[in-house]
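Here is the file structure.txt (compact mmCIF, C-alpha atoms and all ligand atoms).
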```txt
# COMPACT_ATOMS: atom_id res chain seq x y z
CA MET C 1 20.70 -16.36 -8.14
CA ASN C 2 17.17 -16.67 -6.79
CA LYS C 3 14.32 -17.04 -9.19
CA LEU C 4 11.95 -14.26 -10.15
CA GLU C 5 8.24 -15.00 -10.16
CA ILE C 6 5.87 -13.52 -12.73
CA ALA C 7 2.09 -13.39 -12.33
CA LEU C 8 -0.34 -12.67 -15.18
CA PHE C 9 -4.06 -12.02 -14.71
CA PRO C 10 -6.86 -10.53 -16.83
CA CYS C 11 -7.91 -6.91 -16.24
CA LEU C 12 -10.55 -4.71 -17.87
CA GLN C 13 -11.91 -6.09 -21.14
CA ASP C 14 -8.80 -7.64 -22.66
CA ASN C 15 -5.75 -6.27 -20.81
CA TYR C 16 -3.34 -8.34 -18.78
CA GLY C 17 -2.11 -7.26 -15.38
CA LEU C 18 1.47 -8.38 -14.72
CA LEU C 19 3.50 -8.60 -11.54
CA ILE C 20 7.15 -9.56 -11.11
CA HIS C 21 8.41 -10.52 -7.68
CA ASP C 22 11.91 -10.96 -6.30
CA ASP C 23 11.79 -12.97 -3.11
CA ALA C 24 15.33 -12.13 -1.97
CA SER C 25 14.79 -8.36 -1.93
CA GLY C 26 11.04 -8.43 -1.31
CA ARG C 27 10.44 -6.19 -4.29
CA THR C 28 7.35 -6.48 -6.47
CA ALA C 29 6.71 -4.49 -9.63
CA ALA C 30 3.44 -4.05 -11.50
CA ILE C 31 4.01 -3.69 -15.23
CA ASP C 32 1.46 -1.01 -16.09
CA THR C 33 -1.66 -0.40 -14.04
CA PRO C 34 -4.79 -1.37 -15.98
CA ASP C 35 -6.85 -1.93 -12.79
CA GLU C 36 -5.60 -0.78 -9.40
CA SER C 37 -7.95 -2.89 -7.29
CA GLU C 38 -7.18 -6.10 -9.19
CA ILE C 39 -3.44 -5.42 -8.95
CA ALA C 40 -3.74 -4.80 -5.20
CA ARG C 41 -5.81 -7.98 -4.80
CA GLN C 42 -3.34 -10.11 -6.78
CA CYS C 43 -0.46 -8.83 -4.63
CA GLU C 44 -2.38 -9.59 -1.47
CA LEU C 45 -3.26 -13.12 -2.64
CA ARG C 46 0.44 -13.89 -2.96
CA GLY C 47 1.61 -11.99 0.11
CA TRP C 48 3.64 -9.61 -2.08
CA ARG C 49 4.02 -5.92 -1.20
CA LEU C 50 3.96 -3.69 -4.26
CA THR C 51 7.15 -1.60 -4.34
CA GLU C 52 7.12 -0.18 -7.87
CA ILE C 53 5.36 0.32 -11.16
CA TRP C 54 7.08 -0.02 -14.55
CA ASN C 55 5.04 1.82 -17.17
CA THR C 56 5.44 1.05 -20.88
CA HIS C 57 3.44 4.00 -22.27
CA HIS C 58 0.89 6.58 -21.22
CA HIS C 59 -2.40 5.13 -22.52
CA TRP C 60 -5.11 5.08 -19.85
CA ASP C 61 -5.34 1.29 -19.77
CA HIS C 62 -1.63 1.20 -18.80
CA THR C 63 -1.38 4.11 -16.34
CA GLY C 64 -4.93 4.50 -15.00
CA GLY C 65 -4.10 2.91 -11.65
CA ASN C 66 -0.78 4.72 -11.07
CA ILE C 67 -1.95 7.37 -8.64
CA ALA C 68 -4.24 5.13 -6.60
CA LEU C 69 -1.51 2.49 -6.21
CA LYS C 70 1.10 5.14 -5.38
CA GLU C 71 -1.11 6.53 -2.63
CA LYS C 72 -1.91 3.09 -1.25
CA PHE C 73 1.53 1.45 -1.37
CA ASP C 74 4.00 4.36 -1.67
CA VAL C 75 5.52 2.84 -4.82
CA LYS C 76 8.20 4.28 -7.11
CA ILE C 77 7.01 4.73 -10.69
CA TYR C 78 9.39 4.08 -13.60
CA GLY C 79 8.40 5.09 -17.10
CA PRO C 80 9.20 7.08 -20.23
CA ASP C 81 9.53 10.86 -19.95
CA MET C 82 10.34 11.67 -23.58
CA ILE C 83 7.04 13.53 -23.75
CA LYS C 84 6.74 15.37 -20.42
CA GLY C 85 3.82 14.90 -18.11
CA ARG C 86 2.30 11.86 -19.74
CA ILE C 87 2.93 9.32 -17.00
CA PRO C 88 0.92 10.08 -13.84
CA GLY C 89 3.10 10.08 -10.71
CA LEU C 90 6.36 9.35 -12.57
CA ASP C 91 9.40 9.19 -10.26
CA ILE C 92 12.19 7.67 -12.35
CA ALA C 93 12.42 8.45 -16.06
CA VAL C 94 13.93 5.64 -18.14
CA GLY C 95 14.60 5.19 -21.85
CA GLN C 96 16.72 3.40 -24.44
CA GLY C 97 19.88 1.93 -22.97
CA ASN C 98 19.01 2.58 -19.34
CA GLU C 99 19.46 -0.16 -16.77
CA PHE C 100 18.29 -0.43 -13.21
CA MET C 101 18.51 -3.04 -10.48
CA PHE C 102 15.56 -5.05 -9.20
CA GLY C 103 17.10 -6.66 -6.15
CA ARG C 104 20.17 -8.33 -7.65
CA HIS C 105 18.58 -8.60 -11.10
CA LYS C 106 19.42 -6.18 -13.87
CA ILE C 107 16.54 -4.73 -15.89
CA TYR C 108 17.25 -3.28 -19.34
CA VAL C 109 15.04 -0.65 -20.93
CA MET C 110 14.55 -0.44 -24.69
CA HIS C 111 12.74 2.28 -26.66
CA THR C 112 10.20 0.72 -29.05
CA PRO C 113 8.27 3.55 -30.76
CA GLY C 114 5.40 2.85 -33.14
CA HIS C 115 2.29 2.40 -30.99
CA THR C 116 3.28 5.62 -29.21
CA LYS C 117 6.37 7.78 -29.71
CA ASP C 118 7.69 7.09 -26.23
CA HIS C 119 6.80 3.41 -25.79
CA ILE C 120 9.43 1.45 -23.85
CA ILE C 121 9.83 -2.20 -22.90
CA TYR C 122 11.57 -3.89 -19.96
CA HIS C 123 13.91 -6.83 -20.57
CA VAL C 124 14.72 -9.15 -17.66
CA PRO C 125 17.46 -11.49 -18.96
CA ASP C 126 17.53 -13.79 -15.94
CA ALA C 127 13.81 -14.32 -15.39
CA HIS C 128 12.52 -17.87 -15.92
CA ASN C 129 15.78 -19.51 -14.82
CA GLY C 130 17.87 -17.70 -17.37
CA GLN C 131 15.44 -17.91 -20.27
CA GLY C 132 14.62 -14.25 -20.00
CA ALA C 133 11.41 -12.29 -20.19
CA ALA C 134 10.42 -8.99 -21.74
CA PHE C 135 7.42 -6.86 -20.83
CA VAL C 136 6.50 -5.54 -24.24
CA GLY C 137 3.34 -3.52 -23.53
CA ASP C 138 1.50 -2.71 -26.76
CA THR C 139 4.48 -3.10 -29.11
CA ILE C 140 4.28 -6.78 -30.06
CA PHE C 141 1.32 -9.08 -29.44
CA THR C 142 1.00 -12.80 -30.00
CA LEU C 143 0.52 -12.99 -33.81
CA GLY C 144 0.30 -9.21 -34.13
CA CYS C 145 1.58 -5.78 -33.15
CA GLY C 146 0.26 -2.59 -31.62
CA ARG C 147 -1.81 -0.18 -33.63
CA LEU C 148 0.22 2.75 -34.98
CA PHE C 149 -1.15 5.72 -33.06
CA GLU C 150 1.90 7.97 -33.12
CA GLY C 151 4.65 6.21 -35.03
CA SER C 152 5.22 5.12 -38.60
CA ALA C 153 5.31 1.61 -40.00
CA ASP C 154 9.11 2.05 -40.21
CA ASP C 155 9.28 2.93 -36.49
CA MET C 156 7.27 -0.16 -35.62
CA HIS C 157 9.34 -2.37 -37.91
CA ALA C 158 12.54 -1.18 -36.22
CA SER C 159 10.99 -1.76 -32.78
CA LEU C 160 9.85 -5.28 -33.68
CA SER C 161 13.36 -5.99 -35.02
CA LYS C 162 14.82 -4.93 -31.66
CA ILE C 163 12.55 -7.39 -29.90
CA MET C 164 13.43 -10.14 -32.39
CA ALA C 165 17.12 -9.55 -31.57
CA LEU C 166 16.53 -10.76 -27.99
CA PRO C 167 17.42 -14.42 -27.32
CA ASP C 168 15.01 -16.86 -29.02
CA SER C 169 13.64 -18.32 -25.79
CA THR C 170 12.74 -14.91 -24.29
CA ALA C 171 9.15 -14.93 -23.01
CA LEU C 172 7.23 -11.94 -24.36
CA TYR C 173 4.58 -10.64 -21.98
CA CYS C 174 2.10 -8.65 -24.09
CA ALA C 175 -0.41 -6.30 -22.46
CA HIS C 176 -3.52 -7.57 -24.25
CA GLU C 177 -5.26 -10.78 -25.26
CA TYR C 178 -5.73 -10.07 -28.97
CA THR C 179 -4.47 -13.38 -30.35
CA LEU C 180 -7.59 -14.74 -32.04
CA SER C 181 -8.36 -11.54 -33.94
CA ASN C 182 -4.64 -11.08 -34.73
CA GLY C 183 -4.51 -14.67 -35.96
CA LYS C 184 -7.42 -14.13 -38.34
CA PHE C 185 -5.58 -11.24 -39.92
CA ALA C 186 -2.29 -13.17 -39.94
CA LEU C 187 -3.91 -16.08 -41.79
CA HIS C 188 -5.33 -13.64 -44.32
CA VAL C 189 -1.76 -12.41 -45.01
CA GLU C 190 -0.05 -15.82 -44.84
CA PRO C 191 -2.63 -18.55 -45.43
CA ASP C 192 0.04 -21.20 -46.13
CA ASN C 193 2.26 -20.62 -43.09
CA ALA C 194 2.10 -24.03 -41.33
CA ALA C 195 3.57 -22.69 -38.08
CA LEU C 196 0.93 -19.97 -38.04
CA ILE C 197 -1.90 -22.44 -38.70
CA ALA C 198 -0.65 -24.60 -35.80
CA ALA C 199 -0.26 -21.56 -33.52
CA MET C 200 -3.80 -20.42 -34.28
CA GLU C 201 -5.20 -23.88 -33.50
CA ALA C 202 -3.31 -23.93 -30.21
CA ALA C 203 -4.58 -20.43 -29.39
CA GLN C 204 -8.17 -21.41 -30.13
CA MET C 205 -7.89 -24.35 -27.72
CA LYS C 206 -6.40 -22.17 -25.00
CA ARG C 207 -9.07 -19.50 -25.38
CA ALA C 208 -11.83 -22.13 -25.37
CA GLN C 209 -10.54 -23.13 -21.92
CA GLY C 210 -10.28 -19.51 -20.83
CA ALA C 211 -6.47 -19.74 -20.71
CA PRO C 212 -4.19 -16.89 -21.82
CA THR C 213 -2.14 -17.03 -25.03
CA VAL C 214 0.44 -14.78 -23.36
CA PRO C 215 3.38 -15.04 -22.95
CA THR C 216 4.62 -15.89 -26.40
CA THR C 217 8.33 -16.20 -27.28
CA VAL C 218 10.73 -14.53 -29.68
CA VAL C 219 11.15 -17.71 -31.70
CA ALA C 220 7.38 -18.37 -31.91
CA GLU C 221 6.72 -14.86 -33.22
CA ARG C 222 9.56 -15.08 -35.71
CA MET C 223 7.83 -18.08 -37.28
CA THR C 224 4.22 -16.90 -37.13
CA ASN C 225 3.85 -13.13 -36.74
CA PRO C 226 3.04 -11.57 -40.12
CA PHE C 227 4.50 -8.22 -39.07
CA ILE C 228 7.85 -9.99 -38.82
CA THR C 229 7.63 -12.71 -41.44
CA ALA C 230 6.10 -10.53 -44.20
CA GLY C 231 7.41 -7.05 -44.92
CA SER C 232 4.14 -5.82 -46.39
CA ALA C 233 2.01 -6.72 -43.41
CA LEU C 234 2.68 -3.49 -41.53
CA GLU C 235 1.27 -1.45 -44.37
CA LEU C 236 -1.77 -3.73 -44.52
CA GLY C 237 -2.08 -3.60 -40.75
CA ARG C 238 -2.02 0.16 -40.73
CA ARG C 239 -5.17 0.21 -42.81
CA ARG C 240 -7.08 -2.33 -40.81
CA VAL C 241 -9.63 -1.05 -38.37
CA LEU C 242 -9.14 -2.24 -34.82
CA LYS C 243 -11.77 -0.94 -32.51
CA ASP C 244 -10.06 -1.66 -29.22
CA SER C 245 -6.28 -1.69 -29.69
CA PHE C 246 -5.30 0.66 -26.93
FE FE N 301 -3.14 -1.08 -24.27
ZN ZN N 302 -1.64 1.41 -25.78
```

Show how you would write the structure in this file as structure tokens.
Ligand code: FE
Ligand code: ZN
Amino acid sequence: MNKLEIALFPCLQDNYGLLIHDDASGRTAAIDTPDESEIARQCELRGWRLTEIWNTHHHWDHTGGNIALKEKFDVKIYGPDMIKGRIPGLDIAVGQGNEFMFGRHKIYVMHTPGHTKDHIIYHVPDAHNGQGAAFVGDTIFTLGCGRLFEGSADDMHASLSKIMALPDSTALYCAHEYTLSNGKFALHVEPDNAALIAAMEAAQMKRAQGAPTVPTTVVAERMTNPFITAGSALELGRRRVLKDSF
């Protein structure tokens, strides 16, 4: 089977734009639409024609470019419809257990409430030469998780557990670069976690060079993410004030 290509690029203040491209079918999906002009430019740079949008949740920094991109490229928009009318331009409602084809590649949708009630993620088992990738939106971040806007800590814990049940090598494409601030909090919760200390050092080096700390992997988060390693961290995290976790 031909290989899928994934492109990641910064958008807005700390979002990541993400594209996935299947050469055989000529399809290209944008995962969320933080910045329509940057997404269009990144497609053009690569000679990819945008054919669809896969939304993870309704927040403006994930759907703000939907309508402009739909008008420009005539794309089909996939997304959650559990709460009606939230996703601008939605064409194909998807939720837990749904599958759809992207060329010859199967995409699996999982419901991961917590950040929002209707948050979903997209799992691509055969991306990265069989290693797999998941577009996790604002559910899990490198060394952290999404702020609980609509769900409970229990909802988020169950959602993180679903993600941790994916194969260890699965690349997790988070929607924001929050790693350094997440890591500070993580070290406060687990100051003696050697894997976490090493991950934070690596993240600091990457950020100093302007490089992304996304994607992470299932196995890396299992060893370092305090919302997974420590049961109490979600309760602590709920009380912390994050000014920009949308
Ligand atoms: Fe966001
Ligand atoms: Zn959000």

So which one's closest to ligand ZN 302 (chain N), C:Glu99, C:Glu71, C:Asp138, C:Glu221? Using all atoms listed in the file, please.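 That would be C:Asp138, the residue with the smallest distance to ligand ZN 302 (chain N).
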
Which one is closest to Asp74 (chain C): C:Ile39, C:Ile53, C:Leu45, C:Leu18? Count only C-alpha atoms.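 Nearest candidate to Asp74 (chain C) out of C:Ile39, C:Ile53, C:Leu45, C:Leu18: C:Ile53.
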
9 Å shell around ligand ZN 302 (chain N) using only C-alpha atoms and all ligand atoms, listed as a PyMOL selection string: chain C and resi 56-62+115-116+119+137-139+146-147+149+175+245-246

Hey, can you spit out that residue selection with C-alpha atoms as a tab-separated table (two decimals), in the frame of the given file?
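Saved file part-v1.tsv follows:
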```tsv
chain	number	residue	atom	x	y	z
C	56	THR	CA	5.44	1.05	-20.88
C	57	HIS	CA	3.44	4.00	-22.27
C	58	HIS	CA	0.89	6.58	-21.22
C	59	HIS	CA	-2.40	5.13	-22.52
C	60	TRP	CA	-5.11	5.08	-19.85
C	61	ASP	CA	-5.34	1.29	-19.77
C	62	HIS	CA	-1.63	1.20	-18.80
C	115	HIS	CA	2.29	2.40	-30.99
C	116	THR	CA	3.28	5.62	-29.21
C	119	HIS	CA	6.80	3.41	-25.79
C	137	GLY	CA	3.34	-3.52	-23.53
C	138	ASP	CA	1.50	-2.71	-26.76
C	139	THR	CA	4.48	-3.10	-29.11
C	146	GLY	CA	0.26	-2.59	-31.62
C	147	ARG	CA	-1.81	-0.18	-33.63
C	149	PHE	CA	-1.15	5.72	-33.06
C	175	ALA	CA	-0.41	-6.30	-22.46
C	245	SER	CA	-6.28	-1.69	-29.69
C	246	PHE	CA	-5.30	0.66	-26.93
```

Rounded to one decimal, what separation in Å do you get between CA of His188 (chain C) and CA of Leu12 (chain C)? 28.4 Å

Around (1.8, -23.5, -35.1), as given in the file, which residues come within 12 Å? Count all atoms listed in the file and list them as a PyMOL selection string. chain C and resi 142-143+183+187+192-204+216+219-225

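Note that CA of Cys11 (chain C) and CA of Val218 (chain C) are 24.2 Å apart.
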
Compile the contact shell of Asp14 (chain C) as a count of residues only: residues with an atom at most 9 Å away, counting only C-alpha atoms, same-chain residues fewer than 5 positions apart removed. 5

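Look at Asp35 (chain C): the protein and nucleic acid residues within 10 Å of it, using all atoms listed in the file and passing over chain neighbours fewer than 2 places away, are C:Pro10, C:Cys11, C:Leu12, C:Asn15, C:Tyr16, C:Gly17, C:Asp32, C:Thr33, C:Ser37, C:Glu38, C:Ile39, C:Ala40, C:Asp61, C:His62, C:Thr63, C:Gly64, C:Gly65, C:Asn66, C:Ala68, C:Leu69.
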
Would you compute the distance between CA of Lys3 (chain C) and CA of Ala133 (chain C)? Give it in Å to one decimal. 12.3 Å

Using all atoms listed in the file, find the one residue out of C:Thr51, C:Asn98, C:Asn2, C:Gln13 that sits nearest to ligand FE 301 (chain N).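 Nearest to ligand FE 301 (chain N): C:Gln13.
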
Between C:His128, C:His111, C:Lys72, C:Lys184, which has the minimum distance to Leu172 (chain C) (counting all atoms listed in the file)?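 So, comparing all the options, the nearest one is C:His128.
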
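Of the residues listed (C:Ile83, C:Ala165, C:Cys174, C:Phe9), C:Cys174 shows the shortest atom-to-atom separation from ligand FE 301 (chain N); distances use all atoms listed in the file.
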
For ligand FE 301 (chain N), the nearest of the candidates C:Ile6, C:Leu19, C:Asp155, C:Asn55, counting only C-alpha atoms and all ligand atoms: C:Asn55

Around the point (22.5, -10.2, -9.8), in the coordinates given by the file, pick out the residues reaching within 9 Å, counting all atoms listed in the file, and return them as a PDB file with C-alpha atoms, keeping the file's coordinate frame.
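The result, written out as part.pdb:
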```pdb
ATOM      1  CA  MET C   1      20.700 -16.360  -8.140  1.00  0.00           C
ATOM      2  CA  ASN C   2      17.170 -16.670  -6.790  1.00  0.00           C
ATOM      3  CA  MET C 101      18.510  -3.040 -10.480  1.00  0.00           C
ATOM      4  CA  PHE C 102      15.560  -5.050  -9.200  1.00  0.00           C
ATOM      5  CA  GLY C 103      17.100  -6.660  -6.150  1.00  0.00           C
ATOM      6  CA  ARG C 104      20.170  -8.330  -7.650  1.00  0.00           C
ATOM      7  CA  HIS C 105      18.580  -8.600 -11.100  1.00  0.00           C
ATOM      8  CA  LYS C 106      19.420  -6.180 -13.870  1.00  0.00           C
ATOM      9  CA  ASP C 126      17.530 -13.790 -15.940  1.00  0.00           C
TER      10      ASP C 126
END
```
